[in-house]
Amino acid sequence: MASRVPATAGTLSSKVYERLRLDIIHAVLPPGQKLHIAQLCTRYAVGLSPMREALNRLARDGLVTHSEQRGFHVTPVSEVHLDELTKTRGWLNELALRQSIANGDRAWEEQVVLAYHRLSRLPRAEPGTAASDINAPWEEAHRDFHKSLLMACGSSWLLGYCEQLFDAADRYRHLSRLSNVREAVRARDEHKALMEATVERKTEDAVLLLHKHLAVTAELVRGSLAGAPPPAAPRRRERRADSTQRAARRSGG
């Protein structure tokens with residue numbers, strides 16, 4: 001039950017930030033969509049100031065783009081961006097994973113095993129639901145497992161960057177979920193193999209499995225980009241040209 005204590009502007013901003021963030025990651029707000037602040041305020045039942053703060057935070061995260069001329073838009077997607085994202089995510093995750101394996105104690109090992117156990121017991125989609133439906137418990141367990149692998153790296157900065165890249169990559173995965181592209185059944189449990197190599201301190205094996213896992217996921221979602229929405233709205237000049245043409249047609253010109 002929600003608290004009855006009046007929410008501060010900061011609290012409202014954090015709440016709407018989380019809702020917007022998930023709606024962008026889950027492709028409820030598709031790539032390239034114009035984010036009209038007044039409409040968003042109505043949709044999420046918040047005022048102008050918390051909404052602007054949330055949008056600025058999302059812009060810093062890379063999920064939203066902003067310019068003085070065009071306002072806020074959901075960040076577009078592309079194969080080039082996906083390739084760059086996958087490569088960068090691999091670099092930073094490898095660094096964090098290597099440090100975790102080197103520094104992690106027994107409690108960290110147990111956390112990794114427990115995170116995998118929770119993930120393995122959940123279906124990616126609830127029985128009787130469409131493949132495009134989100135199974136929130138699986139999504140949370142999936143994120144927690146990947147985070148657990150890196151938790152002993154010793155750098156909150158590095159963990160924050162890895163989390164930001166996870167969000168960006170997850171957006172591509174959810175675009176694939178909503179498209180006609182169906183993810184192929186993987187021959188083995190990649191998460192299990194990654195967990196085992198990590199807790200057994202087989203660093204090179206774990207790093208190789210991590211890079212392969214990220215690359216395979218990127219390849220599986222690549223086909224969805226063909227059906228992604230256009231990255232930007234028409235420019236003003238084009239809109240004016242359309243208006244001029246319509247006026248000419250009405251006048252018989």
# chains A, B, ... in the order shown; residues from 1 in each chain; ligands from 1

$ residues_around --residues "A:Ala136" --least-positions-apart "3" --cutoff "12 Å" --atoms "only C-alpha atoms" --output "VMD selection string"
chain A and resid 22 26 119 122 to 126 133 139 to 143

$ write_last_selection --atoms "N, CA, C and O atoms" --output "compact mmCIF listing (two decimals), in the first residue's frame"
# COMPACT_ATOMS: atom_id res chain seq x y z
N LEU A 22 11.17 1.88 -17.43
CA LEU A 22 10.68 0.54 -17.77
C LEU A 22 9.84 0.56 -19.03
O LEU A 22 9.91 -0.37 -19.85
N HIS A 26 10.90 -1.71 -22.08
CA HIS A 26 9.94 -2.73 -22.52
C HIS A 26 9.28 -2.37 -23.85
O HIS A 26 8.39 -3.08 -24.30
N LEU A 119 16.59 -17.85 -11.13
CA LEU A 119 16.31 -17.64 -12.56
C LEU A 119 15.88 -18.94 -13.23
O LEU A 119 14.92 -18.96 -14.02
N LEU A 122 12.16 -20.16 -13.07
CA LEU A 122 11.09 -19.32 -13.62
C LEU A 122 11.01 -19.48 -15.13
O LEU A 122 12.03 -19.52 -15.81
N PRO A 123 9.80 -19.55 -15.68
CA PRO A 123 9.65 -19.58 -17.14
C PRO A 123 9.82 -18.18 -17.71
O PRO A 123 9.47 -17.19 -17.06
N ARG A 124 10.32 -18.09 -18.93
CA ARG A 124 10.46 -16.78 -19.56
C ARG A 124 9.10 -16.17 -19.84
O ARG A 124 8.95 -14.95 -19.85
N ALA A 125 8.10 -17.02 -20.09
CA ALA A 125 6.72 -16.54 -20.28
C ALA A 125 5.80 -17.40 -19.44
O ALA A 125 6.01 -18.62 -19.32
N GLU A 126 4.81 -16.80 -18.83
CA GLU A 126 3.86 -17.55 -18.02
C GLU A 126 3.04 -18.48 -18.91
O GLU A 126 2.68 -18.12 -20.04
N ASP A 133 4.23 -11.37 -24.08
CA ASP A 133 3.93 -10.86 -22.75
C ASP A 133 5.17 -10.88 -21.86
O ASP A 133 6.02 -11.76 -21.99
N GLU A 139 12.06 -11.43 -15.59
CA GLU A 139 12.86 -10.27 -15.97
C GLU A 139 13.71 -9.80 -14.79
O GLU A 139 14.89 -9.48 -14.95
N GLU A 140 13.12 -9.76 -13.61
CA GLU A 140 13.85 -9.33 -12.42
C GLU A 140 14.96 -10.32 -12.07
O GLU A 140 16.09 -9.91 -11.74
N ALA A 141 14.64 -11.62 -12.15
CA ALA A 141 15.64 -12.64 -11.82
C ALA A 141 16.77 -12.64 -12.84
O ALA A 141 17.94 -12.87 -12.49
N HIS A 142 16.45 -12.41 -14.10
CA HIS A 142 17.46 -12.34 -15.14
C HIS A 142 18.43 -11.19 -14.89
O HIS A 142 19.66 -11.35 -14.97
N ARG A 143 17.90 -10.04 -14.57
CA ARG A 143 18.74 -8.88 -14.26
C ARG A 143 19.60 -9.16 -13.02
O ARG A 143 20.80 -8.84 -12.99

$ residues_around --residues "A:Leu158" --least-positions-apart "5" --cutoff "9 Å" --atoms "only C-alpha atoms" --output "ChimeraX atom specification"
/A:92-93,95-96,153,163

$ select_by_dssp --residues "stretch 39-99 of chain A" --states "alpha helix (DSSP H)" --output "number ranges by chain"
A: 39-44, 48-61, 79-99

$ closest_residue --among "A:Ala193, A:Cys162, A:Val74, A:Leu29" --to "A:Ala206" --atoms "only C-alpha atoms"
A:Ala193
